[in-house]
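Here is the structure we will look at, set down as C-alpha cells.
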Amino acid sequence: MNIASAALVFLAHCLLLLMGSEAGGVFDLGRHGVSLARVDEARVPSRCGGGAPAPPGAATLPPKPLLVTTPREAGEYPVLVFLHGYLVVNSFYSQLFQHVASHGYIVVAPQLYTISGPDTTEEINAAAAVINWLPGGLSSALPPGVRADVTKVSVSGHSRGGKVAFALALGHAKLALPLAALIAVDPVDGMGVGRQTPPPIFTGRSRSLRVSAPAMVIGTGLGELPRGPLLPPCAPRGVSHAAFYGELDRAAAPGAACHLVAADYGHTDMMDDDTPGARGMLARAICRSGGARGPMRRFVGGATVAFLHKWVRGDGAAMDGIRARPEQAPVALSVVEFRDDEAVAPAE
C-alpha cells in the first residue's frame with residue numbers, strides 16, 4: 001500500500017469514528033435544561049354549567065389538552081407534535097419528550113381522547129386542529145424567552161398515534177402548514193391483516209403511501225409477539241412497522257425514508273419507567289417487553305433527534321452516523337434500512 005492509499009484509509013477510518021461519535025451524542029441527553037407544562041383545552045360554557053371543547057382558533061387555549069416540553073434557555077426552536085398510543089396518556093412519554101427537548105426542540109403532546117372506539121377519524125381531525133392552532137396559540141404556552149419556529153413543525157406518533165401521524169402526512173385532514181418530518185414509532189393499524197381500523201391506511205400495494213415529508217419508521221422486534229398464549233400481540237405482523245415502511249413510497253431525496261428496528265424490545269418499552277394507574281399497568285401487562293425501558297427510550301429519543309437534525313436543521317451528521325455505525329445505538333438493531341431510490345418530487 002502506498003502513502004496516498006494509506007492516507008485515504010486513515011481518513012476514512014477517522015470519518016467513521018467522527019460519524020459514530022455524532023450518532024452516540026444524540027442518544028444521551030442534550031445540553032438544554034427542560035421544562036414540562038400542562039395546558040388545558042379551550043372550553044365554552046354549556047347550559048348545564050359544564051363545558052364543551054371550543055372550536056379551533058376560538059381562543060389562545062388549544063383544542064385539546066397538551067403536555068408541552070421545552071428547552072429552558074431563551075431561543076427559537078422547531079416543534080415536534082407527538083401523538084400518544086391507544087388508550088394511554090401523553091404523560092407516559094414524558095421522559096422521551098425531555099430527551100428530545102434537551103436537544104433543542106419543543107415537543108407538543110396532545111391528549112387526543114380518554115376513551116375511543118376503533119375509528120380514528122376524530123383523532124386525525126383533533127391532531128390536525130392542534131397543529132393548525134400552533135401558529136396563533138403556542139406562544140402563550142411557552143416559558144419566557146422561548147419561541148416556537150412554526151415554519152418547522154414535524155409530527156410523530158406511537159402505535160395508533162403513528163397511524164394518525166401517517167394519516168396527517170397523507171392528507172387525511174387539512175393542515176395549515178407543511179410538515180417538516182414524519183416519525184412513526186412502532187405504528188399499528190388494526191388487529192391484523194384485513195382488520196384495519198377506519199379510515200384504513202394500507203392499500204396492499206408496495207410503495208403506495210406517498211407522504212408529504214421525509215419519514216422514519218421505528219419498529220420493535222418483540223411487538224409482533226404475544227405476551228402470553230391468551231393475549232394478542234400489541235403490534236401485529238402485517239399492520240405494524242414493516243408494513244408501513246413497505247408501503248411507503250420512494251423518497252423525495254436520498255435517505256429521506258428509513259426503517260430502524262430494535263430487535264430485543266417491545267411495543268411500550270419507550271414509555272416512562274413509571275406509568276401509573278390502570279392504563280399504565282395495562283401497558284406493561286399486555287405488551288411483551290425487553291426489560292428495562294431506559295435503553296429503548298434513549299434509542300427512540302436519539303433516532304428522533306438525529307432525523308430531526310437532518311431534515312429540520314440540515315445537519316445530517318448524527319443520522320449518517322447511525323447509518324454507518326448502527327452498533328453505536330444503545331440497543332441492538334436488526335433492521336437498518338434507508339431508501340435511496342432515484343429522487344422524485346413529492347405529491348402536491
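Starting from 1 in every chain, residues are counted up; chains themselves are A, B, ... following the order of the C-alpha cells, and ligands are numbered from 1 as listed.
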
TODO: Considering only C-alpha atoms, return as an MDAnalysis selection string whatever protein or nucleic-acid residues lie within 8 Å of region 266-275 of chain A, sequence-local ones (same chain, fewer than 3 positions apart) excluded.
DONE: chainID A and resid 92:96 159 186 220:223 234:235 279:281 283:284 287:294 296:298 300

TODO: Write down as a count of residues only the residues of region 160-299 of chain A whose backbone DSSP state falls under alpha helix (DSSP H).
DONE: 33

- [ ] For each of A:Ala318, A:Ala262, A:Ile183, A:Ala215, take the minimum atom-to-atom distance to Val331 (chain A), counting only C-alpha atoms, then give the residue where this is smallest.
- [x] A:Ala262

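For the set A:Thr69, A:Asn132, A:Thr121, A:Ser240, the residue with the smallest atom-to-atom gap to Ala109 (chain A) is A:Thr69, counting only C-alpha atoms.
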
Open item on the list: Ranking A:Leu67, A:Ala213, A:Ala184, A:Leu112 by minimum distance to Ala128 (chain A) and counting only C-alpha atoms, which one comes first?
Closed with: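 Using only C-alpha atoms, Ala128 (chain A) sits closest to A:Leu112.
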
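For the set A:Pro78, A:Pro199, A:Gly316, A:Pro110, the residue with the smallest atom-to-atom gap to Pro63 (chain A) is A:Pro110, counting only C-alpha atoms.
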
Task: Shortest interatomic distance to Pro65 (chain A) - which of A:Ser102, A:Ser35, A:Asn90, A:Gln111, counting only C-alpha atoms - done: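 Among the listed residues, A:Gln111 lies closest to Pro65 (chain A).
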
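The space separating CA of Ala37 (chain A) from CA of Val81 (chain A) comes to 14.6 Å.
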